[in-house]
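First up is the structure itself, then whatever we jot down about it.
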Amino acid sequence: MPATVHLVIPCYQESGRIGPFLQELCATTQELGGITIRVVEDGSEPLEVQRMRSLLAPLVRQHAHLLDPCFLPRNLGKGGAVYAGWDMETDADWLGFVDADGSCSATEVANLIRRARQQAAPQTALFASRLDQFSGQVRRQWKRRLIGRVFGLLVSFVLGIRIHDSQCGLKLVPRSAYQRIAPSLRIHGFAFDVELLAALHDSGCVVEEVPITWHETPGGHVHLVRDSWRMARDVWRVRQRRRRSPRP
Ligand SMILES: Nc1nc2c(ncn2[C@@H]2O[C@H](COP(=O)(O)OP(=O)(O)OP(=O)(O)O)[C@@H](O)[C@H]2O)c(=O)[nH]1
Ligand SMILES: [Mg+2]
């Protein structure tokens, strides 16, 4: 039996982007087997919720492994939605998430799952990474590329954990490792991946960066100035918290 995987797709106002990607993801993961997927809609306005319900209902009927979506009553942020979805799952060996916009293809998701399943027991967390910035594998607006790189350097420097791209929208974490650290996780916004990285690292779980192909889909929600500032502030908070509670 292959290791089981539960994938969450955090969504905020995604009815215009998620359709083709979700279709492709459902088909690809059905072939692999042992995978469940849940869309977690994060408190969008009523009209958007209605659109998502109509879009998802036929897909849920068509694919047994696409679970009923979760509609959160208020916006928690990307991390909050991911954790809400992970906390609903009590069985899977692996917990993961993937962005709704299809910047990372269903094939890449399948490749990462295959890689996770090569581990004898879930042990090493796998963070997809836009590492090969200049190989043509990564197509991103130059501004996002630059800010992403600076943010990666900031995370490595401030937290003392070597990482190139902490923010890529595809990750797989052993459920046992998540359960150990879940009570300590506080950040629910776009920098939640940084806190996740630090908590995994401090708990002794190795995090491996896996280069993937990434073709940016227009219409992203991350505001380069406002969110970069908030995220940098959150990195600092993670640092301060780690200093207050030294690792064993
Ligand atoms: N649940 C939830 N998800 C969010 C929120 N904001 C963004 N997301 C989701 O987070 C994922 C990534 O957001 P994007 O809008 O693609 O981010 P981006 O601006 O394209 O940034 P990159 O993809 O990193 O280049 C998508 O699945 C979004 O729907 C939010 O407030 N709540
Ligand atoms: Mg995106």
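Identifiers in this document derive from the order of the structure tokens: chains are assigned A, B, ..., residues are numbered from 1 separately in each chain, and ligands are numbered from 1 in order of occurrence.
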
Surroundings of ligand 1 up to 7 Å, based on only C-alpha atoms and all ligand atoms, as a PyMOL selection string: chain A and resi 9-14+40-42+75-82+98-101+103+144+167-169+216-223

Written selection (C-alpha atoms) as a compact mmCIF listing (two decimals), in the first residue's frame:
# COMPACT_ATOMS: atom_id res chain seq x y z
CA ILE A 9 -6.05 23.69 -1.68
CA PRO A 10 -6.37 27.02 0.15
CA CYS A 11 -8.65 29.35 -1.79
CA TYR A 12 -9.50 32.98 -1.55
CA GLN A 13 -11.51 34.33 -4.46
CA GLU A 14 -10.29 31.58 -6.77
CA VAL A 40 -10.68 25.12 1.86
CA GLU A 41 -12.44 28.35 0.94
CA ASP A 42 -11.31 31.11 3.22
CA ASN A 75 -10.95 34.86 6.35
CA LEU A 76 -8.07 33.32 8.30
CA GLY A 77 -5.30 33.78 5.72
CA LYS A 78 -3.60 31.18 3.57
CA GLY A 79 -1.87 29.43 6.48
CA GLY A 80 -5.05 29.40 8.54
CA ALA A 81 -6.90 27.70 5.69
CA VAL A 82 -4.14 25.12 5.18
CA VAL A 98 -0.94 23.25 -3.31
CA ASP A 99 -1.91 26.69 -4.60
CA ALA A 100 -5.19 26.92 -6.49
CA ASP A 101 -3.93 28.85 -9.48
CA SER A 103 1.27 27.81 -11.34
CA ARG A 144 8.36 38.53 -7.86
CA GLN A 167 7.24 30.34 -0.13
CA CYS A 168 6.60 27.96 -3.00
CA GLY A 169 2.97 26.87 -3.13
CA GLU A 216 3.21 31.85 -12.83
CA THR A 217 -0.51 32.37 -13.37
CA PRO A 218 -1.58 36.02 -13.47
CA GLY A 219 -4.03 37.36 -10.88
CA GLY A 220 -2.03 36.60 -7.69
CA HIS A 221 -3.19 37.92 -4.32
CA VAL A 222 0.21 38.69 -2.83
CA HIS A 223 0.71 42.45 -2.84

Filtered DSSP result for region 24-247 of chain A, state strand (DSSP E or B), as a ChimeraX atom specification: /A:35-42,66,70-72,94-98,125-129,138-139,170-174,207-211,214-215

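In this comparison, which uses only C-alpha atoms and all ligand atoms, the residue of A:Gln141, A:Asn111, A:Thr124, A:Gln50 approaching ligand 2 most closely is A:Gln141.
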
Residue set, region 7-235 of chain A restricted to helix (DSSP H, G or I), as number ranges by chain: A: 18-32, 46-62, 78-87, 106-117, 142-159, 175-184, 192-202, 224-235

Nearest to Gln179 (chain A), chosen from A:Leu200, A:Leu159, A:Val210, A:Leu7, with only C-alpha atoms counted in the distances: A:Leu200

Atomic separation - CA of Thr90 (chain A) relative to CA of Ile161 (chain A), Å: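 Between CA of Ile161 (chain A) and CA of Thr90 (chain A) the gap is 29.6 Å.
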
Minimum-distance residue to Glu45 (chain A), chosen among A:Leu59, A:Val150, A:Leu25, A:Leu72 (using only C-alpha atoms):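 Closest to Glu45 (chain A), using only C-alpha atoms: A:Leu72.
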
d(CA of Leu67 (chain A), CA of Thr36 (chain A)) in Å: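 Separating CA of Leu67 (chain A) from CA of Thr36 (chain A) is a distance of 6.8 Å.
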
Taking a cut-off of 10 Å and counting only C-alpha atoms, can you build a table that, for each residue of region 108-192 of chain A near region 27-33 of chain A, reports the nearest atom pair and how far apart they are in Å (one decimal), sorted by chain then residue number, as CSV?
residue,atom,partner,partner_atom,distance
A:Val109,CA,A:Thr29,CA,8.5
A:Ala110,CA,A:Thr29,CA,6.7
A:Ile113,CA,A:Leu32,CA,9.0
A:Arg114,CA,A:Leu32,CA,8.7

Selected residue, from A:Gly102, A:Gly16, A:Gly152, A:Gly34, that lies nearest to ligand 2 when counting only C-alpha atoms and all ligand atoms: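 Closest to ligand 2 of all the choices is A:Gly102.
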
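Minimum atom-to-atom distance to ligand 2, evaluated using only C-alpha atoms and all ligand atoms, belongs to A:Phe190 out of A:Phe190, A:Tyr83, A:Phe151, A:Trp94.
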
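Shortest atom-to-atom contact with ligand 2 among A:Ile18, A:Ala57, A:Met231, A:Cys205: A:Ile18, counting only C-alpha atoms and all ligand atoms.
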
Set the distance at 9 Å and use only C-alpha atoms: which residues neighbour Asp93 (chain A) once local chain neighbours fewer than 5 positions away are removed? I'd like the list as a short mmCIF file (atom, residue, chain, number, x, y, z; two decimals) with all heavy atoms, in the first residue's frame.
data_model
loop_
_atom_site.label_atom_id
_atom_site.label_comp_id
_atom_site.auth_asym_id
_atom_site.auth_seq_id
_atom_site.Cartn_x
_atom_site.Cartn_y
_atom_site.Cartn_z
N ALA A 3 1.97 5.12 0.70
CA ALA A 3 1.62 6.05 1.79
C ALA A 3 0.48 6.95 1.33
O ALA A 3 0.40 7.34 0.17
CB ALA A 3 2.84 6.90 2.14
N THR A 4 -0.41 7.25 2.27
CA THR A 4 -1.58 8.07 1.91
C THR A 4 -1.26 9.57 2.08
O THR A 4 -0.47 9.96 2.94
CB THR A 4 -2.80 7.70 2.77
OG1 THR A 4 -2.39 7.72 4.15
CG2 THR A 4 -3.32 6.33 2.42
N VAL A 5 -1.90 10.35 1.24
CA VAL A 5 -1.61 11.79 1.19
C VAL A 5 -2.92 12.57 1.22
O VAL A 5 -3.86 12.21 0.51
CB VAL A 5 -0.86 12.14 -0.13
CG1 VAL A 5 -0.57 13.62 -0.22
CG2 VAL A 5 0.43 11.33 -0.25
N HIS A 6 -2.95 13.61 2.05
CA HIS A 6 -4.11 14.50 2.04
C HIS A 6 -3.65 15.89 1.61
O HIS A 6 -2.79 16.49 2.25
CB HIS A 6 -4.75 14.56 3.43
CG HIS A 6 -5.93 15.47 3.47
ND1 HIS A 6 -7.07 15.23 2.74
CD2 HIS A 6 -6.14 16.65 4.12
CE1 HIS A 6 -7.95 16.21 2.96
NE2 HIS A 6 -7.40 17.08 3.79
N ALA A 121 9.40 5.39 5.56
CA ALA A 121 8.31 5.91 6.42
C ALA A 121 8.40 7.42 6.30
O ALA A 121 9.50 7.96 6.11
CB ALA A 121 8.54 5.49 7.86
N PRO A 122 7.25 8.14 6.37
CA PRO A 122 7.30 9.59 6.21
C PRO A 122 8.25 10.22 7.23
O PRO A 122 8.06 10.05 8.43
CB PRO A 122 5.85 10.04 6.46
CG PRO A 122 5.03 8.83 6.21
CD PRO A 122 5.88 7.66 6.60
N VAL A 173 4.27 17.38 4.14
CA VAL A 173 4.83 17.26 5.50
C VAL A 173 4.34 15.95 6.11
O VAL A 173 3.15 15.63 6.02
CB VAL A 173 4.34 18.46 6.36
CG1 VAL A 173 4.76 18.33 7.80
CG2 VAL A 173 4.83 19.78 5.78
N PRO A 174 5.23 15.17 6.73
CA PRO A 174 4.74 13.97 7.42
C PRO A 174 3.72 14.37 8.48
O PRO A 174 3.96 15.32 9.24
CB PRO A 174 6.01 13.39 8.08
CG PRO A 174 7.15 13.97 7.33
CD PRO A 174 6.69 15.33 6.87
N ARG A 175 2.59 13.66 8.53
CA ARG A 175 1.55 14.06 9.48
C ARG A 175 2.05 13.99 10.92
O ARG A 175 1.72 14.82 11.76
CB ARG A 175 0.28 13.21 9.32
CG ARG A 175 -0.92 13.78 10.09
CD ARG A 175 -2.20 13.11 9.69
NE ARG A 175 -2.17 11.69 9.99
CZ ARG A 175 -2.50 11.15 11.16
NH1 ARG A 175 -2.93 11.92 12.13
NH2 ARG A 175 -2.43 9.86 11.34
N SER A 176 2.89 12.98 11.20
CA SER A 176 3.40 12.83 12.57
C SER A 176 4.22 14.07 12.96
O SER A 176 4.14 14.54 14.10
CB SER A 176 4.25 11.57 12.68
OG SER A 176 5.25 11.58 11.68
#
